[in-house]
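One structure is given here, and the rest of the page talks about it.
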Amino acid sequence: MCGIVAFYDPKINEKQAVIGKMMATIKHRGPSSDGYYTNDEVALGFRRLSIIDLRGGTQPIYNEDKTRAIIFNGEIYNFKPLREELIKAGHVFTTKADTEVLLHGYEEWGMDGLLKRVRGMFAFLIWDDNNKTLYGARDFFGIKPMYYSNQNGHLLVGSELKSFLEFPKFKRELNVEAVKPYLMNQYNDLEETFFKGVYRFPAGHWFEYKDGEMKTHQYWDAEYKENSLSFEETLKRINDDLKETVDLYRNADVKVGAFLSEGIDSSYLTTLLDPDDVFSVSFDDSTYDEASKAKALSDINHWKFFSDKVDADEAMRDFPEMQYHMDEPDANPSIIPLWYLCKLARKHVTVALSGEGADELFAGYVNYGMHTHNDLIKIFTSELKKLPKKKQIKLAHKIKKMPNFPGKVHMYTNLAEPSEFYVGQSVIYDMDYPTIFTSKDANSILQPTYRNKLTVNGIYQKDFKKVKGIDNVKQMQYIDLHHFMINDIEQKADKISMAHSLEVRVPYLDKKIAELANSIPTKYLVNRHDTKYALRKASEKVLPDEWAKRPKLGFPTPIKQWLKEPRFYKQVRSLFEEEFVNDIFDQEKIIKLLDDNYEGDGSHRRQIWTIYTFLVWYKLFFVDYENTVKKYQHVQPEVASLIKQGKLL
């Protein structure tokens with residue numbers, strides 16, 4: 001696991017100095033070593049966290065005649081058989097690292113042929129001096145980040161946005177269009193980032209850049225074609241394929257542990273991995289205690305259990321550093337426990353397995369149609385779904401116009417087209433978890449420059465067209481995979497873990513697992529019994545019943561309680577009152593929203609936290625950036641200690 005950065009600009013002479021400054025901003029991603037490659041056109045920079053071939057895998061890596069160079073962030077889990085295939089084809093390897101498989105694979109099969117063969121998470125860049133072309137690719141799901149800026153005759157590409165800020169020609173400018181979508185989602189859901197002119201490179205794509213022109217190609221996307229397996233055959237396939245995938249993902253020359261919560265996703269993976277060490281965190285508030293259940297499973301399996309409690313004062317103190325590492329504001333409260341979980345794990349291991357992706361692939365969200373606990377409503381709705389599609393939609397429109405009644409949301413969302421109503425995870429039904437901002441409410445608190453007509457559902461329409469006509473649940477899964485998963489869940493998993501120089505591996509987001517999950521009939525995934533039903537039943541083969549049947553909890557964080565604490569209320573209010581805030585928000589309105597939340601029932605907490613997170617981030621990158629760099633551009637103390645002890649190569 002590493003960090004990469006590169007630029008193409010023939011007009012810059014001191015390329016080594018420039019790439020060196022850019023690399024310094026991401027040294028937390030790779031404290032083990034660094035390396036670079038420069039010529040008249042391009043500069044490639046690399047920071048390494050040693051995982052495989054500890055002494056021989058330093059990058060850039062070159063081909064036999066040094067006409068091609070690669071820098072790579074990620075892991076290719078099936079690199080060993082590919083390496084043997086390439087050796088038989090005549091390629092000469094100088095390392096045992098998976099990186100070199102990508103380079104020789106590009107030479108042997110081309111970009112499309114290579115990307116069809118690999119399983120893994122990756123963002124990599126190859127400079128081919130034979131045709132003066134820069135190639136790059138991002139993995140199937142966007143597990144590893146890749147940003148780019150292509151303007152004014154130069155190209156920037158890298159793992160983190162902050163490295164771009166050190167490029168001498170880069171103009172640090174806020175993308176004002178991104179603020180409103182962020183307020184509605186708690187993350188930026190546009191292709192363009194919060195930095196004007198900088199974009200996320202799309203998952204499942206590769207590019208070629210030559211003479212100032214960038215061409216992008218798609219090599220993979222989720223497809224939904226139901227298989228004909230029986231339910232029992234489906235459970236066996238899930239268990240067999242997950243076991244094979246976890247076995248692949250344990251490959252490393254360093255210690256591999258696992259994150260363990262009380263939920264099924266991590267419990268299932270961890271049981272299949274059977275590691276020595278597992279890690280969990282909880283909060284002082286007993287309502288948010290996941291560690292006790294995780295410890296119970298650890299005791300059953302004789303794993304070494306490490307846990308820690310998140311201290312509220314420490315969390316609020318460290319929160320700006322978390323947002324610095326996120327690059328863009330992200331108000332998902334689970335960032336906080338994840339920060340301390342990674343900090344804890346990094347003291348003991350270099351790699352940890354995590355359960356991200358199971359909900360999107362195996363349909364774990366209540367929003368996929370489980371908006372009631374009433375079995376009669378569920379059965380009645382199931383019968384209505386046997387009607388022809390046009391009649392279902394017509395009935396849904398009638399139900400929408402009716403006064404509220406028990407089960408109305410469940411019936412409407414099961415019968416209507418998702419493209420009419422679905423807004424992802426910005427609304428969570430049937431839970432004590434309020435919405436964020438509607439389009440109207442977001443515009444009402446923003447200054448005129450930041451207002452626009454964008455809506456959450458409107459942003460989704462481009463992707464809804466790609467899955468029009470398929471099963472409703474799978475349409476929603478596709479949307480979450482291409483929005484919530486890639487722009488929120490995966491971003492925080494990568495950025496927060498790499499802030500602690502920890503590699504997090506996500507077996508559910510393996511191409512093989514995804515292709516299986518996408519082929520499972522929806523009736524096995526979501527039915528009147530539960531969400532994520534097939535995965536739960538498959539997990540019973542290895543988990544005790546109590547764990548297999550656990551409801552989804554997410555990674556709960558006591559934001560509601562914290563914002564009712566006088567000291568934290570004052571901390572947030574102090575930021576809301578700063579002078580720069582009125583340039584973006586209607587200051588009086590957001591202060592009133594905060595006061596009402598503090599004095600009332602706390603129902604505005606998601607809205608308050610979303611505004612607060614943005615202001616923390618904005619102050620770091622636009623109000624006081626020089627001090628931000630001085631304060632946070634370092635490796636974490638626990639990692640620095642390992643380096644000092646010689647335990648990190």
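The chains in the structure tokens are called A, B, ... from first to last as shown; in each chain the residues are counted from 1, and the ligands are counted from 1 in the order shown.
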Write out as JSON lines a residue-level contact list of segment 431-497 of chain A versus segment 587-599 of chain A with cut-off 9 Å: for each qualifying residue the closest pair of atoms and the distance in Å to one decimal, counting only C-alpha atoms, rows sorted by chain and residue number upward.
{"residue": "A:Ser444", "atom": "CA", "partner": "A:Lys589", "partner_atom": "CA", "distance": 8.7}
{"residue": "A:Ile445", "atom": "CA", "partner": "A:Lys589", "partner_atom": "CA", "distance": 6.3}
{"residue": "A:Leu446", "atom": "CA", "partner": "A:Gln587", "partner_atom": "CA", "distance": 8.9}
Taking a cut-off of 9 Å and counting only C-alpha atoms, can you build a table that, for each residue of segment 226-336 of chain A near segment 152-168 of chain A, reports the nearest atom pair and how far apart they are in Å (one decimal), sorted by chain then residue number, as a tab-separated table?
residue	atom	partner	partner_atom	distance
A:Tyr324	CA	A:Lys162	CA	8.7
A:His325	CA	A:Lys162	CA	8.6
A:Met326	CA	A:Glu160	CA	8.6
A:Asp327	CA	A:Leu161	CA	5.9
A:Glu328	CA	A:Leu161	CA	8.3
ask   = Residues at most 8 Å from Tyr524 of chain A, counting only C-alpha atoms, excluding those fewer than 5 positions away in the same chain, as a ChimeraX atom specification?
value = /A:231,533-534
Open item on the list: Could you pull out the strand (DSSP E) residues of segment 248-442 of chain A, going by DSSP on the backbone, and write them as a list in words?
Closed with: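 Checking each residue of segment 248-442 of chain A, the strand (DSSP E) ones are Val256, Gly257, Ala258, Phe259, Asp277, Val278, Phe279, Ser280, Val281, Ser282, Phe283, Lys304, Phe305, Phe306, Ser307, Asp308, Lys309, Val310, Val351, Ala352 and Leu353 of chain A.
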* Could you pull the residues within 6 Å of segment 36-43 of chain A, counting only C-alpha atoms, minus those fewer than 5 positions along the same chain, as an NGL selection string? -> :A and (6-10)
query: Contacts of Thr610 of chain A at 7 Å or less, counting only C-alpha atoms, minus same-chain residues fewer than 4 places along, as an MDAnalysis selection string?
result: chainID A and resid 183 186 331 606 614
Requested in this report: Identify all residues of segment 285-507 of chain A in alpha helix (DSSP H) (DSSP on the backbone) and supply them as a VMD selection string.
Outcome: chain A and resid 291 to 301 312 to 326 335 to 346 358 to 362 375 to 384 389 to 401 408 to 415 418 to 421 439 to 445 456 to 464 472 to 480 490 to 499
Wanna dump the segment 134-211 of chain A-segment 476-496 of chain A contacts at 8 Å for me, each residue with its shortest atom pair and the distance in Å to one decimal, counting only C-alpha atoms, ordered by chain and number, as a tab-separated table?
residue	atom	partner	partner_atom	distance
A:Phe141	CA	A:Ile486	CA	6.8
A:Gly142	CA	A:Ile486	CA	5.8
A:Ile143	CA	A:Glu490	CA	5.6
A:Lys144	CA	A:Asp494	CA	6.7
A:Pro145	CA	A:Gln491	CA	7.2
A:Tyr187	CA	A:Asp488	CA	6.2
A:Asn188	CA	A:Asn487	CA	7.0
A:Asp189	CA	A:Asn487	CA	6.3
Could those residues be written to a file, using C-alpha atoms, as a PDB file, in the first residue's frame?
ATOM      1  CA  PHE A 141     -14.884  -0.275  -7.480  1.00  0.00           C
ATOM      2  CA  GLY A 142     -12.655   2.734  -6.807  1.00  0.00           C
ATOM      3  CA  ILE A 143     -11.229   1.258  -3.612  1.00  0.00           C
ATOM      4  CA  LYS A 144      -7.982   3.110  -4.231  1.00  0.00           C
ATOM      5  CA  PRO A 145      -8.315   6.823  -4.978  1.00  0.00           C
ATOM      6  CA  TYR A 187     -20.137  13.961   0.996  1.00  0.00           C
ATOM      7  CA  ASN A 188     -19.405  15.466  -2.436  1.00  0.00           C
ATOM      8  CA  ASP A 189     -21.217  13.380  -5.053  1.00  0.00           C
TER       9      ASP A 189
END
task: List the neighbours of segment 410-422 of chain A out to 9 Å using only C-alpha atoms; skip same-chain residues closer than 5 positions along the sequence, and give me the result as a ChimeraX atom specification.
output: /A:367-372,377-378,380-382,384-385,389,391-400,456-458,460-461,464-465,468,472-473,475-476,479
Would you list the contacts of segment 133-137 of chain A as a PyMOL selection string, taking every protein, DNA or RNA residue within 7 Å and counting only C-alpha atoms, but skipping same-chain residues closer than 5 positions in sequence?
chain A and resi 123-128+205-210
- Distance of atom CA of Tyr148 of chain A from atom CA of Ile71 of chain A, expressed in Å to one decimal place: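 Computing the Euclidean distance for atom CA of Ile71 of chain A and atom CA of Tyr148 of chain A yields 15.4 Å.
Note that atom CA of Lys236 of chain A and atom CA of Glu356 of chain A are 21.3 Å apart.
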Against segment 624-638 of chain A, which residues of segment 463-529 of chain A fall within 9 Å? For each one I want the closest pair of atoms and the distance in Å (one decimal), counting only C-alpha atoms, rows by chain and increasing residue number, as a Markdown table.
| residue | atom | partner | partner_atom | distance |
| --- | --- | --- | --- | --- |
| A:Ala499 | CA | A:Gln636 | CA | 7.2 |
| A:His500 | CA | A:Gln636 | CA | 5.8 |
| A:Ser501 | CA | A:Val635 | CA | 7.7 |
Between A:Leu376, A:Leu615, A:Ile238, A:Leu387, smallest distance to Pro406 of chain A by only C-alpha atoms belongs to A:Leu376
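The closest residue to Val254 of chain A, picked from A:Tyr147, A:Ala352, A:Ala363, A:Pro329 and counting only C-alpha atoms, is A:Ala352.
Shortest atom-to-atom contact with Ile608 of chain A among A:Leu516, A:Ile559, A:Val349, A:Val504: A:Ile559, counting only C-alpha atoms.
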